[in-house]
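Trainee: Next up, protein-v8.txt (compact mmCIF, C-alpha atoms).
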```
# COMPACT_ATOMS: atom_id res chain seq x y z
CA MET N 1 56.31 66.82 68.20
CA THR N 2 56.08 69.18 71.13
CA ARG N 3 57.57 72.64 71.04
CA GLU N 4 60.01 71.58 73.76
CA GLN N 5 61.28 68.68 71.67
CA LEU N 6 61.75 70.91 68.65
CA ALA N 7 63.47 73.54 70.79
CA GLY N 8 66.06 71.03 71.99
CA ALA N 9 66.67 69.72 68.48
CA ALA N 10 66.95 73.26 67.11
CA ARG N 11 69.53 74.24 69.73
CA THR N 12 71.61 71.16 68.87
CA ALA N 13 71.32 71.77 65.12
CA LEU N 14 71.90 75.52 65.04
CA GLY N 15 73.89 76.13 68.23
CA GLY N 16 75.26 79.56 69.10
CA GLY N 17 73.14 80.01 72.21
CA ARG N 18 70.03 80.53 70.10
CA ARG N 19 66.55 79.93 71.46
CA LEU N 20 63.52 78.74 69.51
CA GLU N 21 61.19 81.69 68.99
CA ALA N 22 58.46 80.21 66.78
CA VAL N 23 57.35 77.00 65.08
CA GLU N 24 55.28 77.12 61.90
CA ARG N 25 53.86 74.07 60.14
CA VAL N 26 54.67 74.19 56.43
CA ALA N 27 51.74 73.21 54.20
CA GLY N 28 52.02 70.53 51.55
CA GLY N 29 53.58 67.53 53.27
CA THR N 30 51.47 64.35 53.18
CA LYS N 31 53.95 61.71 54.42
CA LYS N 32 55.97 63.63 56.99
CA GLY N 33 55.65 66.66 59.21
CA VAL N 34 57.44 69.75 57.91
CA TYR N 35 58.04 72.61 60.34
CA ARG N 36 59.73 75.98 59.97
CA LEU N 37 61.87 76.83 63.00
CA VAL N 38 62.51 80.49 63.78
CA MET N 39 65.19 81.29 66.35
CA ASP N 40 65.43 84.40 68.52
CA ASP N 41 68.13 85.89 66.26
CA ALA N 42 65.95 85.34 63.13
CA THR N 43 67.97 82.28 62.06
CA THR N 44 65.62 79.74 60.45
CA ALA N 45 65.67 76.07 59.53
CA ILE N 46 63.27 73.34 58.41
CA ALA N 47 62.48 70.24 60.49
CA TYR N 48 61.33 66.99 58.90
CA VAL N 49 59.54 64.52 61.19
CA TRP N 50 58.72 60.99 60.01
CA HIS N 51 56.05 59.63 62.33
CA ASP N 52 52.72 57.84 61.83
CA ALA N 53 50.91 60.84 63.31
CA GLU N 54 52.40 63.06 60.58
CA ASN N 55 51.40 60.75 57.71
CA TYR N 56 48.02 61.44 56.07
CA TRP N 57 48.13 58.31 53.92
CA PRO N 58 46.03 55.34 55.10
CA ALA N 59 48.28 52.37 55.88
CA ALA N 60 48.43 49.68 53.19
CA GLU N 61 49.98 46.25 52.90
CA GLY N 62 53.59 46.46 51.71
CA ASP N 63 54.19 50.02 52.87
CA ASP N 64 57.37 48.91 54.66
CA ASP N 65 58.70 46.83 51.75
CA LEU N 66 61.74 48.78 50.58
CA THR N 67 62.31 46.30 47.74
CA ASP N 68 59.22 47.79 46.09
CA PRO N 69 60.51 50.89 44.27
CA PHE N 70 57.11 52.56 44.74
CA SER N 71 56.59 51.83 48.43
CA PRO N 72 56.27 55.04 50.49
CA GLY N 73 59.50 56.99 50.89
CA LEU N 74 59.46 57.22 54.67
CA GLY N 75 62.25 57.75 57.14
CA LEU N 76 65.67 59.15 57.71
CA ASP N 77 67.57 56.25 56.11
CA LEU N 78 65.96 56.87 52.72
CA PHE N 79 66.40 60.62 53.08
CA GLU N 80 70.11 60.40 53.89
CA ALA N 81 70.84 57.89 51.11
CA ALA N 82 69.04 60.08 48.57
CA HIS N 83 70.75 63.21 49.88
CA ALA N 84 74.19 61.60 49.60
CA ARG N 85 73.56 60.41 46.04
CA LEU N 86 72.27 63.75 44.76
CA ASP N 87 75.01 65.69 46.54
CA ALA N 88 77.65 63.44 44.97
CA LEU N 89 76.18 64.20 41.55
CA GLY N 90 76.36 67.94 42.18
CA VAL N 91 72.59 68.33 42.44
CA ARG N 92 71.75 71.01 45.02
CA VAL N 93 69.83 69.74 48.06
CA PRO N 94 69.25 71.48 51.40
CA ALA N 95 72.22 71.04 53.75
CA ILE N 96 71.58 68.74 56.72
CA ARG N 97 72.08 70.43 60.10
CA LEU N 98 70.93 67.51 62.28
CA ALA N 99 69.95 63.88 61.72
CA ASP N 100 68.47 61.99 64.66
CA ARG N 101 67.26 58.43 64.34
CA ALA N 102 68.13 57.46 67.92
CA GLY N 103 65.19 59.23 69.52
CA THR N 104 67.42 61.74 71.27
CA HIS N 105 64.96 64.57 70.67
CA CYS N 106 61.67 62.83 69.87
CA PRO N 107 60.23 59.33 69.33
CA ALA N 108 60.55 59.60 65.54
CA ASP N 109 63.11 60.01 62.77
CA LEU N 110 64.07 63.68 62.64
CA ALA N 111 66.15 65.84 60.33
CA ILE N 112 66.78 69.56 60.46
CA VAL N 113 67.93 71.14 57.21
CA GLU N 114 68.71 74.60 55.94
CA GLU N 115 65.81 76.78 54.90
CA LEU N 116 66.03 78.33 51.46
CA PRO N 117 64.86 81.96 51.51
CA GLY N 118 63.61 81.98 47.92
CA GLU N 119 60.39 80.71 46.38
CA SER N 120 59.49 77.44 44.74
CA LEU N 121 59.96 76.93 41.01
CA GLU N 122 56.18 76.52 40.79
CA LYS N 123 55.59 80.02 42.15
CA LEU N 124 58.39 81.52 40.06
CA LEU N 125 56.99 80.01 36.84
CA ALA N 126 53.56 81.43 37.66
CA ARG N 127 54.92 84.85 38.60
CA ASP N 128 57.61 85.41 35.97
CA PRO N 129 58.30 82.70 33.36
CA GLY N 130 61.16 84.78 31.96
CA ALA N 131 62.94 84.88 35.30
CA ALA N 132 62.35 81.13 35.63
CA ALA N 133 64.07 80.34 32.31
CA PRO N 134 67.67 80.24 33.63
CA VAL N 135 66.53 78.19 36.63
CA MET N 136 64.88 75.72 34.27
CA ALA N 137 68.10 75.54 32.25
CA ARG N 138 70.05 74.68 35.40
CA LEU N 139 67.43 72.13 36.38
CA GLY N 140 67.90 70.55 32.97
CA GLU N 141 71.64 70.29 33.66
CA ALA N 142 70.92 68.62 37.00
CA LEU N 143 68.56 66.16 35.33
CA GLU N 144 71.25 65.33 32.79
CA GLU N 145 73.73 64.58 35.60
CA MET N 146 71.16 62.28 37.17
CA ARG N 147 70.54 60.60 33.83
CA ARG N 148 74.24 59.99 33.19
CA HIS N 149 74.74 58.17 36.49
CA ARG N 150 73.79 54.57 35.73
CA ALA N 151 73.18 51.53 37.90
CA PRO N 152 72.83 47.89 36.83
CA GLY N 153 69.76 47.43 39.03
CA TYR N 154 66.58 49.40 39.64
CA GLY N 155 64.97 50.38 42.92
CA LYS N 156 65.32 52.80 45.79
CA VAL N 157 68.76 54.37 46.00
CA ALA N 158 69.10 53.21 49.61
CA VAL N 159 68.45 49.61 48.53
CA VAL N 160 70.60 49.51 45.40
CA ASP N 161 73.53 51.48 46.84
CA GLY N 162 73.36 49.17 49.86
CA GLY N 163 73.82 46.10 47.64
CA GLY N 164 70.17 45.03 47.73
CA THR N 165 67.84 43.81 45.00
CA SER N 166 64.35 45.07 44.25
CA ARG N 167 61.28 42.99 43.60
CA GLY N 168 60.18 42.10 40.09
CA THR N 169 62.22 41.61 36.93
CA SER N 170 61.97 44.96 35.14
CA CYS N 171 60.87 48.57 35.56
CA GLU N 172 58.00 48.10 33.15
CA GLY N 173 56.88 45.01 35.05
CA VAL N 174 56.89 46.86 38.35
CA VAL N 175 54.98 49.73 36.75
CA LEU N 176 52.39 47.34 35.31
CA ASP N 177 51.83 45.67 38.69
CA ARG N 178 51.40 49.05 40.35
CA ALA N 179 49.12 50.36 37.59
CA LEU N 180 46.85 47.32 37.88
CA ARG N 181 46.59 47.90 41.64
CA ASP N 182 45.84 51.58 41.06
CA LEU N 183 43.24 50.64 38.47
CA ALA N 184 41.51 48.27 40.89
CA GLU N 185 41.51 50.90 43.66
CA ALA N 186 40.22 53.64 41.38
CA ALA N 187 37.52 51.36 39.98
CA ALA N 188 36.34 50.60 43.52
CA ARG N 189 35.95 54.32 44.21
CA ASP N 190 34.62 55.75 40.93
CA PRO N 191 32.01 54.20 38.60
CA ARG N 192 33.53 55.77 35.47
CA ILE N 193 36.80 53.91 36.00
CA ALA N 194 34.86 50.78 36.92
CA ALA N 195 33.00 50.92 33.60
CA ALA N 196 36.27 51.25 31.66
CA ARG N 197 38.33 48.88 33.82
CA ASP N 198 38.56 46.02 31.32
CA ARG N 199 39.60 48.32 28.47
CA LEU N 200 42.17 50.09 30.65
CA GLU N 201 43.63 46.76 31.73
CA VAL N 202 43.96 45.58 28.14
CA ARG N 203 45.63 48.86 27.17
CA LEU N 204 48.14 48.51 30.03
CA LEU N 205 48.99 44.95 29.00
CA ASP N 206 49.39 45.90 25.34
CA LEU N 207 51.62 48.88 26.16
CA THR N 208 53.80 46.74 28.45
CA ALA N 209 54.19 44.06 25.77
CA ALA N 210 55.63 46.66 23.38
CA VAL N 211 58.46 47.69 25.75
CA ARG N 212 61.89 46.28 24.92
CA PRO N 213 64.22 45.04 27.71
CA ARG N 214 66.71 47.41 29.33
CA ALA N 215 69.63 46.62 31.68
CA GLN N 216 70.78 50.03 32.99
CA TYR N 217 68.92 52.61 35.00
CA ALA N 218 69.31 56.30 35.82
CA VAL N 219 68.75 58.34 38.97
CA VAL N 220 65.19 59.69 39.10
CA HIS N 221 63.41 61.72 41.76
CA GLY N 222 60.07 60.11 40.95
CA GLU N 223 57.82 63.08 41.80
CA LEU N 224 59.79 66.03 40.49
CA GLY N 225 57.06 68.61 40.19
CA PRO N 226 57.86 72.33 40.34
CA ASP N 227 56.66 72.36 43.97
CA HIS N 228 59.54 70.00 44.80
CA VAL N 229 62.14 72.43 43.45
CA LEU N 230 63.13 75.53 45.42
CA VAL N 231 65.22 78.38 44.03
CA ASP N 232 68.15 79.65 46.11
CA PRO N 233 69.36 83.29 46.03
CA ASP N 234 71.86 82.43 43.27
CA GLY N 235 69.12 81.04 41.02
CA THR N 236 70.15 77.44 41.60
CA PRO N 237 67.35 74.85 41.69
CA VAL N 238 67.27 72.97 45.01
CA VAL N 239 65.56 69.57 45.02
CA ILE N 240 63.41 68.61 48.02
CA ASP N 241 61.13 65.72 49.06
CA ILE N 242 63.82 63.31 47.94
CA GLU N 243 63.06 60.18 49.97
CA GLY N 244 61.60 58.41 46.93
CA LEU N 245 64.82 58.79 44.90
CA MET N 246 65.50 55.64 42.89
CA TYR N 247 67.33 54.08 40.00
CA PHE N 248 64.73 53.63 37.30
CA ASP N 249 63.81 54.32 33.70
CA VAL N 250 64.42 58.00 33.02
CA GLU N 251 61.14 58.05 31.08
CA TRP N 252 59.28 57.76 34.37
CA GLU N 253 60.74 61.10 35.46
CA HIS N 254 59.99 62.80 32.17
CA VAL N 255 56.37 61.69 32.09
CA PHE N 256 55.87 63.19 35.54
CA LEU N 257 57.65 66.40 34.55
CA ARG N 258 55.51 66.71 31.44
CA ILE N 259 52.31 66.19 33.43
CA ARG N 260 53.24 68.76 36.06
CA LEU N 261 54.94 71.42 33.94
CA HIS N 262 52.71 71.43 30.85
CA ASP N 263 54.18 73.83 28.24
CA ALA N 264 57.13 74.71 30.50
CA TYR N 265 58.36 71.12 30.13
CA GLN N 266 59.68 71.86 26.63
CA SER N 267 62.91 73.33 28.02
CA LEU N 268 63.59 70.06 29.87
CA LYS N 269 62.69 67.69 27.06
CA ALA N 270 65.46 65.13 26.49
CA ASP N 271 66.56 63.32 23.35
CA GLY N 272 66.52 59.57 23.00
CA LEU N 273 63.61 58.72 25.27
CA ASP N 274 61.82 55.43 24.58
CA GLU N 275 58.39 56.18 23.12
CA ASP N 276 56.96 52.81 24.20
CA ARG N 277 57.96 53.43 27.79
CA LEU N 278 56.58 56.97 27.63
CA ALA N 279 53.22 55.64 26.48
CA LEU N 280 53.01 53.00 29.22
CA TYR N 281 54.21 55.32 31.95
CA THR N 282 51.80 58.08 30.92
CA LEU N 283 48.77 55.86 31.43
CA ALA N 284 50.24 54.37 34.60
CA GLN N 285 50.85 57.79 36.12
CA ARG N 286 47.39 59.04 35.20
CA LEU N 287 45.93 56.04 37.04
CA SER N 288 48.28 56.60 39.99
CA LEU N 289 47.28 60.28 40.17
CA THR N 290 43.65 59.16 40.22
CA ALA N 291 43.88 56.33 42.75
CA GLY N 292 46.38 58.04 45.05
CA PRO N 293 44.32 61.17 45.77
CA LEU N 294 41.14 59.11 46.14
CA ARG N 295 42.97 56.90 48.66
CA LEU N 296 44.26 59.96 50.50
CA LEU N 297 40.69 61.24 50.79
CA ASP N 298 39.82 58.08 52.75
CA GLY N 299 41.74 59.67 55.63
CA ASP N 300 41.72 63.12 57.20
CA PHE N 301 43.73 65.07 54.64
CA PRO N 302 42.67 68.71 55.16
CA ASP N 303 42.66 70.25 51.66
CA ARG N 304 40.04 67.90 50.27
CA ALA N 305 38.82 70.01 47.35
CA PHE N 306 42.36 70.37 46.00
CA MET N 307 43.01 66.63 46.21
CA ALA N 308 39.64 65.78 44.68
CA GLY N 309 40.46 68.10 41.79
CA ILE N 310 43.71 66.24 41.11
CA ALA N 311 41.85 62.92 41.04
CA GLU N 312 39.14 64.25 38.74
CA HIS N 313 41.59 65.77 36.26
CA ASN N 314 43.73 62.66 35.99
CA LEU N 315 40.72 60.35 35.82
CA ASN N 316 39.54 62.22 32.74
CA GLU N 317 43.04 62.16 31.25
CA ALA N 318 43.27 58.39 31.78
CA LEU N 319 39.94 57.82 30.06
CA ALA N 320 40.99 60.12 27.21
CA LEU N 321 43.97 57.87 26.53
CA LEU N 322 41.54 55.10 25.59
CA ARG N 323 40.20 57.33 22.80
CA ASN N 324 43.64 58.08 21.31
```
Now, as a test, write the supplied structure out as structure tokens.
Mentor:
Amino acid sequence: MTREQLAGAARTALGGGRRLEAVERVAGGTKKGVYRLVMDDATTAIAYVWHDAENYWPAAEGDDDLTDPFSPGLGLDLFEAAHARLDALGVRVPAIRLADRAGTHCPADLAIVEELPGESLEKLLARDPGAAAPVMARLGEALEEMRRHRAPGYGKVAVVDGGGTSRGTSCEGVVLDRALRDLAEAAARDPRIAAARDRLEVRLLDLTAAVRPRAQYAVVHGELGPDHVLVDPDGTPVVIDIEGLMYFDVEWEHVFLRIRLHDAYQSLKADGLDEDRLALYTLAQRLSLTAGPLRLLDGDFPDRAFMAGIAEHNLNEALALLRN
């Protein structure tokens, strides 16, 4: 987006005769552009821009298939559906100041949302775990609200709430299909995965066979790492990067939380999780966190050492699961 386009959108979103003083790209986004808007009276907001030029991920077949729960969470429709669902559940999300899918301000889906003045949960945990404890407790309450809201079908919230049906016949089946694709991609890029490919495939099939059927699904973020949780001035966790919100097995969320939070996950640990699903989803996510970063490195993602480190760590964790 040009500065002029952002200036017009900012005036519409924030009003009051304000003028755009500065635009700052916010680091971390891989699928959309994230910009901090600073007005001449020091009012700030965050702009999300969904456009091919803002997406570091190489295009792949099926990217636009919303019936695939794991297809990329791109666009304003997914964002607004996820925002409405979380808001209805009482889960704090940034307030929307402007939503433009008509191209009024730029040739892309655009949203402007409130900026939270606090830090991320990731930074707070690193800086002061004691101060993070009450925030983690409130995040646990939000996760419980998400878990209690059930749907009879799985898939992206925008699809299910719109009366649609997702591909496949079960969460574990969808996960298996995705894990086998991730395994093939990782094997094509790293000889260590290639050497273990047959054993990893057998382990995935055996773990899937052990999972018992399930007919109800909870609300899950899908990638709820501590970098996707901000902390507002009242100590309330605020969930961001929500476009991938879906109805799915709650175990998928908890595996991701456990991977990202390490020891800090203990305060979020939930009772009654299915151990067979946890085992399958752990291996599947390790493979995803290997193949995904390696795929991202095929493009022009700037922080290459960081992404390569994620791939290397999760590759080793996936191979370690074969020895357990």
Trainee: Any idea what's packed within 8 Å of Ser170 (chain N), counting only C-alpha atoms, ignoring anything in its chain fewer than 5 positions away? Could you give it as a tab-separated table (two decimals) with C-alpha atoms, in the frame of the given file?
Mentor:
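The new file part_39.tsv reads:
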```tsv
chain	number	residue	atom	x	y	z
N	154	TYR	CA	66.58	49.40	39.64
N	213	PRO	CA	64.22	45.04	27.71
N	214	ARG	CA	66.71	47.41	29.33
```
Trainee: Nearest to Trp57 (chain N) among N:Cys171, N:Ile193, N:Leu297, N:Ala305, with distances taken over only C-alpha atoms: which residue is it?
Mentor: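 Checking each of N:Cys171, N:Ile193, N:Leu297, N:Ala305 against Trp57 (chain N), counting only C-alpha atoms, the winner is N:Leu297.
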Trainee: As a PyMOL selection string, please: the residues near Leu124 (chain N) (cut-off 12 Å, all atoms listed in the file, same-chain neighbours under 6 positions excluded).
Mentor: chain N and resi 118+130-136+226-227+229-232+235+237+264
Trainee: What are the nearest atom pairs, with distances in Å to one decimal, for all residues of region 193-263 of chain N that come at most 12 Å from region 27-49 of chain N, using all atoms listed in the file, set out by chain and rising residue number as CSV?
Mentor:
```
residue,atom,partner,partner_atom,distance
N:Asp227,CA,N:Gly28,CA,9.1
N:His228,CA,N:Gly28,CA,10.1
N:Ile240,CA,N:Tyr48,CA,11.2
N:Asp241,CA,N:Gly29,CA,8.8
N:Ile242,CA,N:Tyr48,CA,11.8
N:Glu243,CA,N:Lys31,CA,10.3
N:Gly244,CA,N:Lys31,CA,11.2
```
Trainee: Neighbours of Ile259 (chain N) within 10 Å (all atoms listed in the file; same-chain residues fewer than 4 positions away dropped), as a ChimeraX atom specification?
Mentor: /N:225,254-255,263,265,282,285-286,314
Trainee: Give me, please, the distance in Å between CA of Ala88 (chain N) and CA of Ser267 (chain N), quoted to one decimal.
Mentor: 24.5 Å
Trainee: Choose the residue, out of N:Leu180, N:Leu14, N:Ala279, N:Val159, that has the smallest atom-to-atom separation from Gly73 (chain N); count all atoms listed in the file.
Mentor: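 Of N:Leu180, N:Leu14, N:Ala279, N:Val159, the one nearest Gly73 (chain N) is N:Val159, counting all atoms listed in the file.
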Trainee: So how far away is CA of Leu20 (chain N) from CA of Ala7 (chain N), in Å?
Mentor: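 Going from CA of Ala7 (chain N) over to CA of Leu20 (chain N), I get 5.4 Å.
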Trainee: Can you list, as an MDAnalysis selection string, every protein, DNA or RNA residue that comes within 8 Å of Gly299 (chain N) when you count all atoms listed in the file, leaving out same-chain residues fewer than 2 positions away?
Mentor: chainID N and resid 56:58 295:297 301
